[in-house]
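One structure is given here, and the rest of the page talks about it.
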Amino acid sequence: MALIGKIRKQKWLLVGTLAGALILFIAMLMFDNPNQSLFGGSRTELGEIEGQKIEYQEFSRVHDMLYRNASSDGFSDRTFLWNFFVDQAIVQKEADAIGLGVSKSELLELQFSEDNSKLSPIITSRYQNPNTRQVDREQLNQLKDIITTSKVDQMIQEGQLVPDFKYRWAHQEREIIKDRLQTKISRMVEKGMYTPTWMAEAIANEQNQLVDFLYVQVPFDEIQNSELSLSDEDYKAYFEENKTQFKQDEETRKLEYVAFNVVPTAKDSATIRKNIADLVENFAAAEDDSLFVENNYGTIDEAYFKKDALSPAIADTIFQMPVGSVYGPYLDLNSYKAVKLLGKKVVPDSVKARHILRRATDNVSYLAAVNTIDSLKNLIETGAASFDSLAANFSEDPSNASQGGDLGFFSQGTMVKEFNDVCFFKAEPGKVYSVTTQFGVHLIQVTDRKFGDSEPSVQVAYISQDIIPSQETQDMVREQALQLEEESKSLEDLRKLAAEKGFQVETSPALKANDYAVGSLGVGQGSREMIRWAFGSDINSEPAEIGNISPQVYSFQNQGEFYVSKYVVAGLKSIRPAGIPSWEDVKDEIEPQVINRKKGEVIKQRIAGKNDLGAIAGTFSVQVDTASNVSFASAFIQKAGASEPKVVATAFKIDLNQISEPIVGGSGVYVVKPTNKPAPAPAGNIAQVRQSSQQSVRTMARSRIMQALRGNAEIEDNRSRFF
């Protein structure tokens, strides 16, 4: 009892002990499961859009499904997919609020309607016949049969469809639904855009109001920058008048950086030349040219080329060589090459051929097509059937099957390459050949050939190696970059050292947290890493401060190349918060406009007191020009090549033959003298003006509605933590 009494008297100690134990327990859980936040939220949350959470795993699964085999940079793919998730969530919320939806029957019609005008634009763009550029109705009907009759699982098991076909199609349906709902919302907004009669009449009057005037334009370039002295007040004044133009929704940052280009040395070039030279003897002796070329990263083509189609480096030499010989090494652009002459013959300018096509869209239909073509080939070669009769009964090319598959005469390049090469370089008249193209499997027979001249063509094979920096060269340049990074304790140090050593310091444009391109460095992982450092996007790092130098030297590779093309040392130049910035933040951006404004003031002072256009023109060595039939609505001055609303408005405002005060416009300082203001023509067809105005406003609304909805949406974007 005494012990219990003591505990009661010091209960704060017990509570504190329990609280401490609880905190330690939660911390242990967090270490055991780092994806769990203190209050249960997930650290794998990519973002939240209007209350809809996007998990990293789900986003990555969809991205991998859609872009697994894509050849793009990967960054733009993720941005495109994120924007889809954002727009889908926003559109769905708006649709739910006003009772819009897409029914199952409507979705089916959007995917498979026999009326092409009722198909979703997503379907019409993705399922086109490559020849006609029209909807591939045959493919669409096959897909409809597969989906609506529940054949999907069976065809996936049989390998006729890719394993994730169902997920791909489901995602496409989400795209179609989002697009349809967005269209419905857009049309509702467009229908609300109306031009009343009084406004149409006002627009017509503005269009019909014209003025003729004489004018002098003094370009800003008439004043040299060295004649000016800009003060902070000049910048502040311009900024205060235009500051809303600089408002931004996201924080941006600018980097300064020094890029070290990695270029091959003379030693690198000599080594690569020797590599090719060492292969020449074996290349000439090779019996299997295709295998030799494949093993030595070369190229070989069944085509025959005339002299003008070959590189100038070998065009004259190759025709003097005996078949089977090799020439090289030789320099061709940025590569060392060796070329082997495989054959020489006169190639027809055009051929007449016929074919039988069996279409193939997957592995099963391809194997069936090959078997059918082989059987037909055997029937023709044994004389059991004629080509034209088999074409009429078996060809799936409706454009010529009834004519026995006859394609008539055609020149080189008319057909796809595989078909073209057989007809022009391989086929002997009367014989039949099978070939596979993007359209399916063909049986081809050349029936006639025409020769324009006796100039021979050659078939060649190449081995080549690009002249690229060696690893030694890459390491040497990297050491230079590392040395600069180590010596630069701040951005100011980087600038000074770069100036001393003759390196160029570049400045990036304003960068957002999710950008992936940095100025001249372009798109790439190196650019993305620089931006992540600047914003401290890594969950374990702090945002950089102005003047900081990144502790990492960034490497860049050109797409499709396997060496580092440049190393970069970077520092943080500036930070511009979201909202309206200070004038100091945009000083560099507004400087050209401030300079022109100051020049305008100087020009106005020099014009002051002059009331004759000729005298004003003579002061600046410019001429007096004439502007005729200038519309109040467009305000475009033809000879000046610019839209100058302030100038045109002044011409309408002042009396005839009165000389205006100097007007600072967009392209210089103007002085105007109106000479004619004809009475406005009758308003004309007001209904047509109304329709044109409404169409213009509706088009603008259509293009801006999603931008407006995004601006008002609640979006939490955490992508920069992950990518």
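Here's how to read the names in the structure tokens: chain A, B, ... by the order shown, residue numbers from 1 in each chain, ligand numbers from 1 in the order shown.
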Distance query Glu138 in chain A at most 10 Å, only C-alpha atoms, self and fewer than 4 positions along chain excluded, as a ChimeraX atom specification: /A:127,129,142-144
For the selection just defined, write its residues with N, CA and C atoms to a file, as a compact mmCIF listing (two decimals), in the first residue's frame.
# COMPACT_ATOMS: atom_id res chain seq x y z
N TYR A 127 -5.65 2.54 -83.63
CA TYR A 127 -5.99 1.38 -84.44
C TYR A 127 -6.24 1.82 -85.88
N ASN A 129 -5.04 1.53 -90.05
CA ASN A 129 -4.36 0.77 -91.09
C ASN A 129 -3.21 1.63 -91.59
N GLN A 142 -11.83 -7.93 -84.54
CA GLN A 142 -11.20 -9.06 -83.86
C GLN A 142 -11.11 -8.80 -82.36
N LEU A 143 -10.71 -7.58 -82.00
CA LEU A 143 -10.62 -7.23 -80.58
C LEU A 143 -11.99 -7.26 -79.91
N LYS A 144 -12.99 -6.81 -80.62
CA LYS A 144 -14.35 -6.83 -80.07
C LYS A 144 -14.78 -8.27 -79.80
Just list the residues in range 323-519 of chain A DSSP gives strand (DSSP E) on the backbone, as a VMD selection string. chain A and resid 326 to 332 335 to 345 350 to 359 406 to 411 432 to 437 440 to 450 457 to 466 505 to 507 517 to 518
To one decimal place in Å, what is the distance between CA of Gly343 in chain A and CA of Thr414 in chain A?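 These atoms are spaced 23.4 Å apart.
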Got a sec: who's within 9 Å of Phe75 in chain A, counting only C-alpha atoms, leaving out chain neighbours fewer than 4 positions off, as a ChimeraX atom specification? /A:79-80,515-516,523-525,528,723
Saved selection, atoms kept: C-alpha atoms, as a PDB file, in the first residue's frame:
ATOM      1  CA  THR A  79       5.266  13.193 -66.673  1.00  0.00           C
ATOM      2  CA  PHE A  80       2.651  12.212 -69.255  1.00  0.00           C
ATOM      3  CA  ASP A 515      11.887  19.070 -64.255  1.00  0.00           C
ATOM      4  CA  TYR A 516      14.354  16.767 -65.990  1.00  0.00           C
ATOM      5  CA  VAL A 523      17.238  15.761 -70.842  1.00  0.00           C
ATOM      6  CA  GLY A 524      18.909  13.014 -68.865  1.00  0.00           C
ATOM      7  CA  GLN A 525      19.621  11.384 -65.545  1.00  0.00           C
ATOM      8  CA  ARG A 528      17.544  15.122 -63.071  1.00  0.00           C
ATOM      9  CA  PHE A 723      12.325  10.115 -59.490  1.00  0.00           C
TER      10      PHE A 723
END
Which residue gives the smallest distance to Phe652 in chain A among A:Ile272, A:Leu210, A:Val262, A:Ile590, with only C-alpha atoms counted? A:Leu210
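Among A:Pro551, A:Ile156, A:Asp136, A:Arg180, the residue with the shortest atom-to-atom distance to Ile122 in chain A, counting only C-alpha atoms, is A:Arg180.
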Which is closest to Gln483 in chain A among A:Gln552, A:Thr372, A:Ser464, A:Gln160, if we use only C-alpha atoms?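 Checking each of A:Gln552, A:Thr372, A:Ser464, A:Gln160 against Gln483 in chain A, counting only C-alpha atoms, the winner is A:Gln552.
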Pick from A:Asp362, A:Glu428, A:Glu251, A:Asp288: nearest to Asn514 in chain A, with only C-alpha atoms counted?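 Of A:Asp362, A:Glu428, A:Glu251, A:Asp288, the one nearest Asn514 in chain A, counting only C-alpha atoms, is A:Glu251.
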For the alpha helix (DSSP H) assignment from backbone DSSP, which residues of range 489-579 of chain A qualify? Please present them as an MDAnalysis selection string. chainID A and resid 491:501 525:535
